[in-house]
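**Student:** File target_0.cif follows (mmCIF, C-alpha atoms and all ligand atoms):
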data_my_file
loop_
_atom_site.group_PDB
_atom_site.id
_atom_site.type_symbol
_atom_site.label_atom_id
_atom_site.label_comp_id
_atom_site.auth_asym_id
_atom_site.auth_seq_id
_atom_site.Cartn_x
_atom_site.Cartn_y
_atom_site.Cartn_z
ATOM 1 C CA MET K 1203 -4.921 0.748 -23.917
ATOM 2 C CA ALA K 1204 -6.810 4.015 -23.417
ATOM 3 C CA ARG K 1205 -4.812 7.265 -23.440
ATOM 4 C CA ARG K 1206 -4.980 8.201 -19.785
ATOM 5 C CA ARG K 1207 -2.453 9.629 -17.390
ATOM 6 C CA GLN K 1208 -0.680 6.825 -15.581
ATOM 7 C CA ILE K 1209 -0.583 7.130 -11.800
ATOM 8 C CA TYR K 1210 1.193 3.918 -10.843
ATOM 9 C CA GLU K 1211 2.452 0.674 -12.339
ATOM 10 C CA GLY K 1212 2.487 -2.418 -10.168
ATOM 11 C CA LYS K 1213 3.547 -5.966 -10.922
ATOM 12 C CA ALA K 1214 0.193 -7.090 -12.315
ATOM 13 C CA LYS K 1215 -1.804 -3.886 -12.726
ATOM 14 C CA VAL K 1216 -1.508 -0.299 -13.937
ATOM 15 C CA LEU K 1217 -3.521 2.543 -12.437
ATOM 16 C CA PHE K 1218 -4.614 5.533 -14.520
ATOM 17 C CA GLU K 1219 -6.389 8.738 -13.654
ATOM 18 C CA GLY K 1220 -10.142 8.139 -13.834
ATOM 19 C CA PRO K 1221 -12.713 10.141 -15.799
ATOM 20 C CA GLU K 1222 -13.863 12.028 -12.690
ATOM 21 C CA PRO K 1223 -12.036 13.235 -9.595
ATOM 22 C CA GLY K 1224 -11.908 10.528 -6.962
ATOM 23 C CA THR K 1225 -11.861 7.714 -9.510
ATOM 24 C CA VAL K 1226 -9.086 5.603 -11.027
ATOM 25 C CA VAL K 1227 -8.959 3.130 -13.871
ATOM 26 C CA CYS K 1228 -7.220 -0.164 -13.188
ATOM 27 C CA TYR K 1229 -5.709 -2.086 -16.137
ATOM 28 C CA PHE K 1230 -5.067 -5.808 -15.569
ATOM 29 C CA LYS K 1231 -1.845 -7.082 -17.160
ATOM 30 C CA ASP K 1232 -0.887 -10.656 -18.033
ATOM 31 C CA ASP K 1233 2.411 -10.194 -16.178
ATOM 32 C CA ALA K 1234 3.026 -12.426 -13.198
ATOM 33 C CA THR K 1235 5.723 -12.281 -10.566
ATOM 34 C CA ALA K 1236 6.549 -14.385 -7.552
ATOM 35 C CA PHE K 1237 9.000 -14.266 -4.655
ATOM 36 C CA ASN K 1238 9.024 -10.458 -4.649
ATOM 37 C CA ALA K 1239 9.515 -10.292 -8.410
ATOM 38 C CA LYS K 1240 12.579 -12.561 -8.412
ATOM 39 C CA LYS K 1241 10.551 -14.789 -10.720
ATOM 40 C CA LYS K 1242 8.870 -13.092 -13.662
ATOM 41 C CA GLY K 1243 6.610 -14.353 -16.413
ATOM 42 C CA THR K 1244 3.450 -13.917 -18.388
ATOM 43 C CA ILE K 1245 0.222 -15.838 -17.987
ATOM 44 C CA GLU K 1246 -1.666 -15.508 -21.267
ATOM 45 C CA GLY K 1247 -5.124 -14.044 -20.730
ATOM 46 C CA LYS K 1248 -4.689 -13.622 -16.964
ATOM 47 C CA GLY K 1249 -5.546 -9.920 -17.046
ATOM 48 C CA VAL K 1250 -8.835 -10.568 -18.819
ATOM 49 C CA LEU K 1251 -9.742 -13.402 -16.447
ATOM 50 C CA ASN K 1252 -8.750 -11.636 -13.213
ATOM 51 C CA ASN K 1253 -10.701 -8.557 -14.315
ATOM 52 C CA ARG K 1254 -13.858 -10.699 -14.639
ATOM 53 C CA ILE K 1255 -13.246 -12.841 -11.556
ATOM 54 C CA SER K 1256 -12.506 -9.863 -9.325
ATOM 55 C CA GLU K 1257 -15.479 -7.910 -10.713
ATOM 56 C CA TYR K 1258 -17.789 -10.814 -9.902
ATOM 57 C CA LEU K 1259 -16.464 -11.296 -6.372
ATOM 58 C CA MET K 1260 -16.484 -7.563 -5.558
ATOM 59 C CA ILE K 1261 -20.105 -7.274 -6.753
ATOM 60 C CA LYS K 1262 -21.146 -10.295 -4.688
ATOM 61 C CA LEU K 1263 -19.387 -8.890 -1.605
ATOM 62 C CA ALA K 1264 -21.022 -5.480 -2.085
ATOM 63 C CA GLU K 1265 -24.373 -7.295 -2.213
ATOM 64 C CA ILE K 1266 -23.831 -8.634 1.313
ATOM 65 C CA GLY K 1267 -22.820 -5.172 2.529
ATOM 66 C CA VAL K 1268 -19.030 -5.284 2.327
ATOM 67 C CA PRO K 1269 -17.891 -1.823 1.180
ATOM 68 C CA THR K 1270 -15.421 -1.998 -1.717
ATOM 69 C CA HIS K 1271 -13.568 0.371 -4.028
ATOM 70 C CA PHE K 1272 -15.106 -1.284 -7.096
ATOM 71 C CA VAL K 1273 -17.393 0.806 -9.319
ATOM 72 C CA ARG K 1274 -17.733 -1.158 -12.565
ATOM 73 C CA ARG K 1275 -15.859 -3.063 -15.217
ATOM 74 C CA LEU K 1276 -15.129 -0.904 -18.249
ATOM 75 C CA ASN K 1277 -13.869 -3.419 -20.793
ATOM 76 C CA MET K 1278 -11.896 -6.662 -21.146
ATOM 77 C CA ARG K 1279 -8.936 -5.448 -19.126
ATOM 78 C CA GLU K 1280 -10.034 -2.375 -17.218
ATOM 79 C CA GLN K 1281 -12.247 -1.476 -14.293
ATOM 80 C CA LEU K 1282 -13.303 1.808 -12.751
ATOM 81 C CA LEU K 1283 -12.507 2.162 -9.061
ATOM 82 C CA LYS K 1284 -13.006 4.738 -6.347
ATOM 83 C CA GLU K 1285 -9.677 6.281 -5.436
ATOM 84 C CA VAL K 1286 -8.588 5.166 -1.973
ATOM 85 C CA GLU K 1287 -5.583 5.660 0.246
ATOM 86 C CA ILE K 1288 -4.134 2.168 0.511
ATOM 87 C CA ILE K 1289 -3.380 0.957 4.037
ATOM 88 C CA PRO K 1290 0.129 -0.534 3.706
ATOM 89 C CA VAL K 1291 -0.816 -3.892 5.205
ATOM 90 C CA GLU K 1292 -1.464 -7.201 3.446
ATOM 91 C CA VAL K 1293 -4.121 -9.120 5.333
ATOM 92 C CA VAL K 1294 -3.792 -12.873 4.814
ATOM 93 C CA VAL K 1295 -6.532 -15.264 5.917
ATOM 94 C CA ARG K 1296 -5.804 -18.957 6.178
ATOM 95 C CA ASN K 1297 -8.267 -21.827 6.460
ATOM 96 C CA VAL K 1298 -5.847 -24.619 5.563
ATOM 97 C CA VAL K 1299 -2.064 -24.823 6.030
ATOM 98 C CA ALA K 1300 -0.160 -23.898 2.853
ATOM 99 C CA GLY K 1301 2.614 -21.713 1.493
ATOM 100 C CA SER K 1302 4.660 -19.648 3.904
ATOM 101 C CA LEU K 1303 2.763 -20.949 6.954
ATOM 102 C CA ALA K 1304 3.680 -24.522 6.029
ATOM 103 C CA GLN K 1305 7.324 -23.464 5.635
ATOM 104 C CA ARG K 1306 7.509 -21.300 8.736
ATOM 105 C CA LEU K 1307 6.017 -23.869 11.117
ATOM 106 C CA GLY K 1308 7.097 -27.045 9.327
ATOM 107 C CA MET K 1309 3.507 -28.204 8.871
ATOM 108 C CA ALA K 1310 2.142 -30.307 6.043
ATOM 109 C CA GLU K 1311 0.305 -28.390 3.327
ATOM 110 C CA GLY K 1312 -3.364 -29.301 3.309
ATOM 111 C CA THR K 1313 -3.806 -29.604 7.078
ATOM 112 C CA ALA K 1314 -7.121 -27.983 7.996
ATOM 113 C CA LEU K 1315 -6.745 -25.264 10.632
ATOM 114 C CA PRO K 1316 -8.924 -25.511 13.762
ATOM 115 C CA ARG K 1317 -10.048 -21.966 13.055
ATOM 116 C CA SER K 1318 -9.299 -19.292 10.471
ATOM 117 C CA ILE K 1319 -6.077 -17.429 11.129
ATOM 118 C CA ILE K 1320 -5.401 -13.831 10.124
ATOM 119 C CA GLU K 1321 -1.822 -12.726 9.501
ATOM 120 C CA TYR K 1322 -0.479 -9.297 8.600
ATOM 121 C CA PHE K 1323 2.423 -8.347 6.358
ATOM 122 C CA TYR K 1324 3.880 -4.867 5.901
ATOM 123 C CA LYS K 1325 3.513 -3.861 2.247
ATOM 124 C CA ASN K 1326 7.101 -2.992 1.470
ATOM 125 C CA ASP K 1327 8.948 -4.658 -1.405
ATOM 126 C CA GLU K 1328 12.352 -3.409 -0.265
ATOM 127 C CA LEU K 1329 11.850 -5.253 3.030
ATOM 128 C CA ASN K 1330 10.265 -8.273 1.325
ATOM 129 C CA ASP K 1331 6.828 -7.702 2.923
ATOM 130 C CA PRO K 1332 7.805 -8.733 6.462
ATOM 131 C CA MET K 1333 5.262 -10.366 8.736
ATOM 132 C CA ILE K 1334 3.988 -7.976 11.428
ATOM 133 C CA THR K 1335 1.403 -7.956 14.206
ATOM 134 C CA GLU K 1336 -1.467 -5.614 15.003
ATOM 135 C CA GLU K 1337 0.877 -3.987 17.549
ATOM 136 C CA HIS K 1338 3.218 -2.810 14.790
ATOM 137 C CA ILE K 1339 0.320 -1.612 12.653
ATOM 138 C CA THR K 1340 -1.143 0.603 15.367
ATOM 139 C CA ALA K 1341 2.205 1.642 16.924
ATOM 140 C CA PHE K 1342 3.487 2.930 13.578
ATOM 141 C CA ASN K 1343 0.124 4.454 12.680
ATOM 142 C CA TRP K 1344 -0.290 2.390 9.525
ATOM 143 C CA ALA K 1345 -3.872 1.977 10.715
ATOM 144 C CA HIS K 1346 -5.767 3.147 13.784
ATOM 145 C CA PRO K 1347 -7.121 0.621 16.306
ATOM 146 C CA HIS K 1348 -10.711 1.348 15.216
ATOM 147 C CA GLU K 1349 -9.704 0.765 11.600
ATOM 148 C CA MET K 1350 -8.134 -2.562 12.597
ATOM 149 C CA ASP K 1351 -11.400 -3.589 14.270
ATOM 150 C CA GLU K 1352 -13.207 -2.805 11.044
ATOM 151 C CA ILE K 1353 -10.578 -4.660 8.958
ATOM 152 C CA VAL K 1354 -10.827 -7.802 11.111
ATOM 153 C CA GLN K 1355 -14.652 -7.783 10.993
ATOM 154 C CA LEU K 1356 -14.677 -7.293 7.222
ATOM 155 C CA THR K 1357 -11.957 -9.892 6.666
ATOM 156 C CA LEU K 1358 -13.856 -12.572 8.589
ATOM 157 C CA ARG K 1359 -17.066 -11.785 6.710
ATOM 158 C CA VAL K 1360 -15.268 -11.914 3.377
ATOM 159 C CA ASN K 1361 -13.704 -15.247 4.353
ATOM 160 C CA ASP K 1362 -17.006 -16.832 5.411
ATOM 161 C CA PHE K 1363 -18.743 -15.616 2.289
ATOM 162 C CA LEU K 1364 -15.992 -16.616 -0.138
ATOM 163 C CA CYS K 1365 -15.549 -20.061 1.474
ATOM 164 C CA GLY K 1366 -19.221 -20.747 0.774
ATOM 165 C CA LEU K 1367 -19.174 -19.249 -2.687
ATOM 166 C CA PHE K 1368 -16.158 -21.326 -3.774
ATOM 167 C CA LEU K 1369 -17.500 -24.464 -2.084
ATOM 168 C CA GLY K 1370 -20.551 -24.086 -4.326
ATOM 169 C CA ILE K 1371 -18.321 -24.491 -7.396
ATOM 170 C CA GLY K 1372 -16.248 -27.357 -5.998
ATOM 171 C CA ILE K 1373 -13.299 -25.285 -4.793
ATOM 172 C CA ARG K 1374 -11.673 -25.110 -1.363
ATOM 173 C CA LEU K 1375 -10.534 -21.625 -0.370
ATOM 174 C CA ILE K 1376 -7.209 -22.447 1.288
ATOM 175 C CA ASP K 1377 -6.010 -18.888 1.928
ATOM 176 C CA PHE K 1378 -6.035 -15.439 0.354
ATOM 177 C CA LYS K 1379 -4.710 -11.924 0.703
ATOM 178 C CA LEU K 1380 -6.787 -8.772 1.055
ATOM 179 C CA GLU K 1381 -5.904 -5.092 1.015
ATOM 180 C CA PHE K 1382 -7.922 -2.246 2.427
ATOM 181 C CA GLY K 1383 -8.020 1.467 1.707
ATOM 182 C CA ARG K 1384 -9.409 4.663 3.169
ATOM 183 C CA LEU K 1385 -12.207 6.199 1.154
ATOM 184 C CA TYR K 1386 -12.665 9.935 1.712
ATOM 185 C CA GLU K 1387 -16.266 10.833 0.838
ATOM 186 C CA ASN K 1388 -18.416 13.783 1.989
ATOM 187 C CA ASP K 1389 -16.070 14.770 4.840
ATOM 188 C CA GLN K 1390 -16.085 11.181 6.060
ATOM 189 C CA VAL K 1391 -13.408 8.503 5.973
ATOM 190 C CA ARG K 1392 -14.205 4.817 5.905
ATOM 191 C CA VAL K 1393 -12.305 1.613 5.389
ATOM 192 C CA VAL K 1394 -13.200 -0.287 2.226
ATOM 193 C CA LEU K 1395 -11.974 -3.462 0.581
ATOM 194 C CA ALA K 1396 -9.499 -2.593 -2.190
ATOM 195 C CA ASP K 1397 -7.184 -4.333 -4.679
ATOM 196 C CA GLU K 1398 -8.441 -7.470 -6.451
ATOM 197 C CA ILE K 1399 -9.603 -10.928 -5.467
ATOM 198 C CA SER K 1400 -8.419 -13.473 -8.012
ATOM 199 C CA PRO K 1401 -6.326 -16.631 -8.394
ATOM 200 C CA ASP K 1402 -3.299 -14.286 -8.137
ATOM 201 C CA ASN K 1403 -3.943 -13.710 -4.449
ATOM 202 C CA CYS K 1404 -5.983 -16.734 -3.378
ATOM 203 C CA ARG K 1405 -5.111 -20.405 -3.049
ATOM 204 C CA LEU K 1406 -7.914 -22.401 -4.622
ATOM 205 C CA TRP K 1407 -7.894 -26.203 -4.627
ATOM 206 C CA ASP K 1408 -10.338 -28.485 -6.373
ATOM 207 C CA ILE K 1409 -12.447 -30.103 -3.685
ATOM 208 C CA GLU K 1410 -12.215 -33.600 -5.181
ATOM 209 C CA THR K 1411 -8.658 -33.789 -6.487
ATOM 210 C CA ASN K 1412 -6.841 -31.032 -4.527
ATOM 211 C CA GLU K 1413 -5.596 -29.771 -7.906
ATOM 212 C CA LYS K 1414 -4.251 -26.232 -7.519
ATOM 213 C CA LEU K 1415 -6.283 -23.682 -9.469
ATOM 214 C CA ASP K 1416 -4.258 -20.579 -8.648
ATOM 215 C CA LYS K 1417 -0.944 -18.768 -9.007
ATOM 216 C CA ASP K 1418 0.936 -21.546 -7.179
ATOM 217 C CA ARG K 1419 0.962 -23.265 -10.597
ATOM 218 C CA PHE K 1420 3.178 -20.394 -11.792
ATOM 219 C CA ARG K 1421 5.162 -19.990 -8.537
ATOM 220 C CA ARG K 1422 5.991 -23.720 -8.446
ATOM 221 C CA ASP K 1423 6.239 -24.410 -12.202
ATOM 222 C CA LEU K 1424 3.366 -26.884 -12.123
ATOM 223 C CA GLY K 1425 2.302 -26.275 -15.746
ATOM 224 C CA ASN K 1426 -1.196 -25.568 -17.110
ATOM 225 C CA VAL K 1427 -1.050 -22.095 -15.576
ATOM 226 C CA PRO K 1428 -3.521 -20.187 -17.827
ATOM 227 C CA GLU K 1429 -5.812 -23.216 -17.729
ATOM 228 C CA ALA K 1430 -6.168 -22.869 -13.943
ATOM 229 C CA TYR K 1431 -7.363 -19.255 -14.262
ATOM 230 C CA VAL K 1432 -9.734 -20.237 -17.075
ATOM 231 C CA GLU K 1433 -11.150 -23.055 -14.936
ATOM 232 C CA VAL K 1434 -11.926 -20.704 -12.026
ATOM 233 C CA ALA K 1435 -13.566 -18.202 -14.406
ATOM 234 C CA ARG K 1436 -15.511 -21.010 -16.094
ATOM 235 C CA ARG K 1437 -16.821 -22.408 -12.796
ATOM 236 C CA LEU K 1438 -17.825 -18.917 -11.640
ATOM 237 C CA LYS K 1439 -19.574 -18.516 -15.021
ATOM 238 C CA VAL K 1440 -17.889 -15.157 -15.646
ATOM 239 C CA ILE K 1441 -16.624 -16.166 -19.083
ATOM 240 C CA ARG K 1442 -18.412 -17.760 -22.006
ATOM 241 C CA ASP K 1443 -17.104 -20.808 -23.873
ATOM 242 C CA ASN K 1444 -16.530 -18.800 -27.056
ATOM 243 C CA GLU K 1445 -14.478 -16.270 -25.102
ATOM 244 C CA ILE K 1446 -12.381 -19.107 -23.669
ATOM 245 C CA GLU K 1447 -11.717 -20.291 -27.237
ATOM 246 C CA ALA K 1448 -10.715 -16.751 -28.265
ATOM 247 C CA LEU K 1449 -8.343 -16.522 -25.296
ATOM 248 C CA LYS K 1450 -6.787 -19.889 -26.136
ATOM 249 C CA ASN K 1451 -6.277 -19.090 -29.795
ATOM 250 C CA ARG K 1452 -5.265 -15.455 -29.749
ATOM 251 C CA PRO K 1453 -4.822 -14.413 -26.126
ATOM 252 C CA ARG K 1454 -2.986 -11.179 -26.878
ATOM 253 C CA LEU K 1455 -5.690 -9.940 -29.219
ATOM 254 C CA VAL K 1456 -8.461 -10.009 -26.636
ATOM 255 C CA GLU K 1457 -7.974 -6.441 -25.450
HETATM 256 P P1 LIG Z 1 1.886 -17.140 1.585
HETATM 257 O O1 LIG Z 1 1.523 -18.507 2.036
HETATM 258 O O2 LIG Z 1 2.962 -17.119 0.543
HETATM 259 O O3 LIG Z 1 2.188 -16.227 2.735
HETATM 260 O O4 LIG Z 1 0.588 -16.544 0.856
HETATM 261 C C1 LIG Z 1 -0.646 -16.462 1.504
HETATM 262 C C2 LIG Z 1 -1.697 -15.984 0.519
HETATM 263 O O5 LIG Z 1 -1.441 -14.656 0.131
HETATM 264 C C3 LIG Z 1 -1.767 -16.795 -0.767
HETATM 265 O O6 LIG Z 1 -3.130 -16.980 -1.095
HETATM 266 C C4 LIG Z 1 -1.120 -15.931 -1.797
HETATM 267 C C5 LIG Z 1 -1.306 -14.537 -1.281
HETATM 268 N N1 LIG Z 1 -0.163 -13.669 -1.547
HETATM 269 C C6 LIG Z 1 -0.343 -12.525 -2.281
HETATM 270 O O7 LIG Z 1 -1.438 -12.226 -2.739
HETATM 271 N N2 LIG Z 1 0.734 -11.720 -2.492
HETATM 272 C C7 LIG Z 1 1.967 -12.001 -2.020
HETATM 273 O O8 LIG Z 1 2.893 -11.229 -2.247
HETATM 274 C C8 LIG Z 1 2.135 -13.201 -1.253
HETATM 275 C C9 LIG Z 1 3.476 -13.561 -0.690
HETATM 276 C C10 LIG Z 1 1.035 -13.995 -1.040
HETATM 277 N N1 LIG Z 2 3.144 -11.031 -6.166
HETATM 278 C C1 LIG Z 2 4.245 -11.271 -5.344
HETATM 279 C C2 LIG Z 2 5.552 -10.797 -5.895
HETATM 280 O O1 LIG Z 2 6.036 -11.042 -6.940
HETATM 281 C C3 LIG Z 2 4.453 -12.641 -4.837
HETATM 282 C C4 LIG Z 2 3.438 -13.701 -4.963
HETATM 283 O O2 LIG Z 2 2.272 -13.482 -5.268
HETATM 284 O O3 LIG Z 2 3.845 -14.835 -4.723
HETATM 285 O O4 LIG Z 2 6.176 -10.098 -5.175
#
Any chance you could put this one into structure tokens?
Ligand code: TMP
Ligand code: ASP
**Tutor:**
Amino acid sequence: MARRRQIYEGKAKVLFEGPEPGTVVCYFKDDATAFNAKKKGTIEGKGVLNNRISEYLMIKLAEIGVPTHFVRRLNMREQLLKEVEIIPVEVVVRNVVAGSLAQRLGMAEGTALPRSIIEYFYKNDELNDPMITEEHITAFNWAHPHEMDEIVQLTLRVNDFLCGLFLGIGIRLIDFKLEFGRLYENDQVRVVLADEISPDNCRLWDIETNEKLDKDRFRRDLGNVPEAYVEVARRLKVIRDNEIEALKNRPRLVE
């Protein structure tokens, strides 16, 4: 890992000071957690794969005009980002019933929703990321009403675009989680898409078999966990066959 000053260490990523003011370097770890870190593990090669997958999706989203914090990928495990002030809200979009929605409302996983649903969770590990509404977000000033308008617009665009993109590679985008940040640039502040988009924070099911190709394999002990991440990367064509072999044989050495 490069010798840089560490700013923050999260469950799956480490942030370092970037080479210029206003930039940060994000290092993708193989560590995985679930249920607010009650379950911990390692998914061999995940950091390398999520770095590529997220890079690809952020570039594609930027191409359709979605502003993001992504600048460029630096190496196998790191990317350069614009420094943003993270809005402490997890924005979850659901197209199909799964996970906590299935549990909360006693609905069968896999039921298609009549329309996409957006849910909000307060980013606070001590409180277990409680579900909140837009009312809480604006009342407590976590985001301003005009920022929420922007977040909803961007979220729906991201969902439409990603649904189509994944459909093209035989994957159903069941649900996913986004985070947004404030970018301060030239005396202006704007909301941009932040964090990563990867099988860590999306539910991705094979269109034919409904096989889970995401972190639910780890959360639910379904086996073949690294293979699911490799499969998503392979279908997106963000990893070459020889790199897949290298990851399989010596995952820790691919730095
Ligand atoms: P949920 O069904 O557990 O609420 O998850 C909804 C989506 O959000 C799913 O794609 C996984 C993602 N997610 C995260 O990225 N981080 C989290 O901490 C949780 C709970 C879910
Ligand atoms: N990343 C989350 C945690 O460990 C949970 C999850 O993704 O399921 O808190």
**Student:** How would you write, as a PyMOL selection string, the set of residues no farther than 6 Å from ligand LIG 1 (chain Z) when counting all atoms listed in the file?
**Tutor:** chain K and resi 1294+1300-1303+1377-1379+1403-1405
**Student:** Quick check, in Å to one decimal: how far apart do CA of Arg1384 (chain K) and CA of Glu1352 (chain K) lie?
**Tutor:** 11.5 Å
**Student:** Give me the box for region 1240-1250 of chain K as JSON, namely the centre and edge lengths in Å to one decimal of a box along x, y and z that holds every listed atom plus 6 Å on each side.
**Tutor:**
{"center_x": 1.9, "center_y": -12.9, "center_z": -14.8, "size_x": 33.4, "size_y": 17.9, "size_z": 24.9}
**Student:** Using all atoms listed in the file, can you list as an MDAnalysis selection string the residues within 9 Å of (-13.1, -23.1, -11.8)?
**Tutor:** chainID K and resid 1368 1371:1373 1406 1408 1415 1430:1439
**Student:** Translate the PyMOL selection byres (((chain K and resi 1324) around 9) and not hetatm), as applied to the file shown, into an explicit residue set as a list in words.
**Tutor:**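 Evaluating the PyMOL selection byres (((chain K and resi 1324) around 9) and not hetatm) on these coordinates yields Pro1290, Val1291, Glu1292, Tyr1322, Phe1323, Lys1325, Asn1326, Asp1327, Leu1329, Asn1330, Asp1331, Pro1332, Met1333, Ile1334 and Ile1339 of chain K.
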**Student:** Using all atoms listed in the file, determine which residues fall within 8 Å of ligand LIG 2 (chain Z), then list them as JSON, numbers by chain.
**Tutor:** {"K": [1213, 1214, 1234, 1235, 1236, 1237, 1238, 1239, 1240, 1241, 1242, 1327, 1330, 1402, 1403, 1417, 1418, 1421]}
**Student:** Keeping only C-alpha atoms, write the selected residues to a file as an mmCIF file, in the frame of the given file.
**Tutor:**
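Now in again.cif:
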data_model
loop_
_atom_site.group_PDB
_atom_site.id
_atom_site.type_symbol
_atom_site.label_atom_id
_atom_site.label_comp_id
_atom_site.auth_asym_id
_atom_site.auth_seq_id
_atom_site.Cartn_x
_atom_site.Cartn_y
_atom_site.Cartn_z
ATOM 1 C CA LYS K 1213 3.547 -5.966 -10.922
ATOM 2 C CA ALA K 1214 0.193 -7.090 -12.315
ATOM 3 C CA ALA K 1234 3.026 -12.426 -13.198
ATOM 4 C CA THR K 1235 5.723 -12.281 -10.566
ATOM 5 C CA ALA K 1236 6.549 -14.385 -7.552
ATOM 6 C CA PHE K 1237 9.000 -14.266 -4.655
ATOM 7 C CA ASN K 1238 9.024 -10.458 -4.649
ATOM 8 C CA ALA K 1239 9.515 -10.292 -8.410
ATOM 9 C CA LYS K 1240 12.579 -12.561 -8.412
ATOM 10 C CA LYS K 1241 10.551 -14.789 -10.720
ATOM 11 C CA LYS K 1242 8.870 -13.092 -13.662
ATOM 12 C CA ASP K 1327 8.948 -4.658 -1.405
ATOM 13 C CA ASN K 1330 10.265 -8.273 1.325
ATOM 14 C CA ASP K 1402 -3.299 -14.286 -8.137
ATOM 15 C CA ASN K 1403 -3.943 -13.710 -4.449
ATOM 16 C CA LYS K 1417 -0.944 -18.768 -9.007
ATOM 17 C CA ASP K 1418 0.936 -21.546 -7.179
ATOM 18 C CA ARG K 1421 5.162 -19.990 -8.537
#
**Student:** Would you please work out which residue, of K:Leu1263, K:Ile1376, K:Val1295, K:Met1278, is nearest to Thr1357 (chain K) when using all atoms listed in the file?
**Tutor:**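 The closest residue to Thr1357 (chain K) is K:Val1295.
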**Student:** Could you state which residues are captured by the PyMOL selection byres (((chain K and resi 1218) around 8) and not hetatm) in this file, as an mmCIF file with C-alpha atoms, keeping the file's coordinate frame?
**Tutor:**
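This is the output file part00.cif:
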data_model
loop_
_atom_site.group_PDB
_atom_site.id
_atom_site.type_symbol
_atom_site.label_atom_id
_atom_site.label_comp_id
_atom_site.auth_asym_id
_atom_site.auth_seq_id
_atom_site.Cartn_x
_atom_site.Cartn_y
_atom_site.Cartn_z
ATOM 1 C CA ARG K 1206 -4.980 8.201 -19.785
ATOM 2 C CA ARG K 1207 -2.453 9.629 -17.390
ATOM 3 C CA GLN K 1208 -0.680 6.825 -15.581
ATOM 4 C CA ILE K 1209 -0.583 7.130 -11.800
ATOM 5 C CA TYR K 1210 1.193 3.918 -10.843
ATOM 6 C CA VAL K 1216 -1.508 -0.299 -13.937
ATOM 7 C CA LEU K 1217 -3.521 2.543 -12.437
ATOM 8 C CA GLU K 1219 -6.389 8.738 -13.654
ATOM 9 C CA GLY K 1220 -10.142 8.139 -13.834
ATOM 10 C CA VAL K 1226 -9.086 5.603 -11.027
ATOM 11 C CA VAL K 1227 -8.959 3.130 -13.871
ATOM 12 C CA CYS K 1228 -7.220 -0.164 -13.188
ATOM 13 C CA TYR K 1229 -5.709 -2.086 -16.137
#
**Student:** Please, what distance in Å, to one decimal, runs between CA of Phe1363 (chain K) and CA of Leu1259 (chain K)?
**Tutor:**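 Value for the CA of Phe1363 (chain K)-CA of Leu1259 (chain K) distance: 9.9 Å.
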**Student:** Name the closest residue to Ala1314 (chain K) among the candidates K:Arg1296, K:Thr1340, K:Arg1419, K:Asn1451; distances are taken between atoms, counting all atoms listed in the file.
**Tutor:** K:Arg1296
**Student:** Calculate how many Å separate CA of Gly1383 (chain K) from CA of Leu1283 (chain K), rounding to one decimal.
**Tutor:**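 According to the coordinates, CA of Gly1383 (chain K) and CA of Leu1283 (chain K) are separated by 11.7 Å.
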**Student:** What lies within 10 Å of Tyr1386 (chain K) using all atoms listed in the file, ignoring chain neighbours under 4 positions off, as a PDB file with C-alpha atoms, keeping the file's coordinate frame?
**Tutor:**
ATOM      1  CA  GLY K1224     -11.908  10.528  -6.962  1.00  0.00           C
ATOM      2  CA  LYS K1284     -13.006   4.738  -6.347  1.00  0.00           C
ATOM      3  CA  GLU K1285      -9.677   6.281  -5.436  1.00  0.00           C
ATOM      4  CA  VAL K1286      -8.588   5.166  -1.973  1.00  0.00           C
ATOM      5  CA  GLU K1287      -5.583   5.660   0.246  1.00  0.00           C
ATOM      6  CA  GLN K1390     -16.085  11.181   6.060  1.00  0.00           C
ATOM      7  CA  VAL K1391     -13.408   8.503   5.973  1.00  0.00           C
ATOM      8  CA  ARG K1392     -14.205   4.817   5.905  1.00  0.00           C
ATOM      9  CA  VAL K1393     -12.305   1.613   5.389  1.00  0.00           C
TER      10      VAL K1393
END
**Student:** Kindly indicate which residue among K:Val1427, K:Ile1441, K:Leu1367, K:Ile1446 lies nearest to Lys1262 (chain K), using all atoms listed in the file for the distances.
**Tutor:**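 Closest to Lys1262 (chain K), using all atoms listed in the file: K:Leu1367.
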**Student:** Pick from K:Leu1449, K:Ala1310, K:Ala1304, K:Leu1385: nearest to Pro1428 (chain K), with all atoms listed in the file counted?
**Tutor:** K:Leu1449
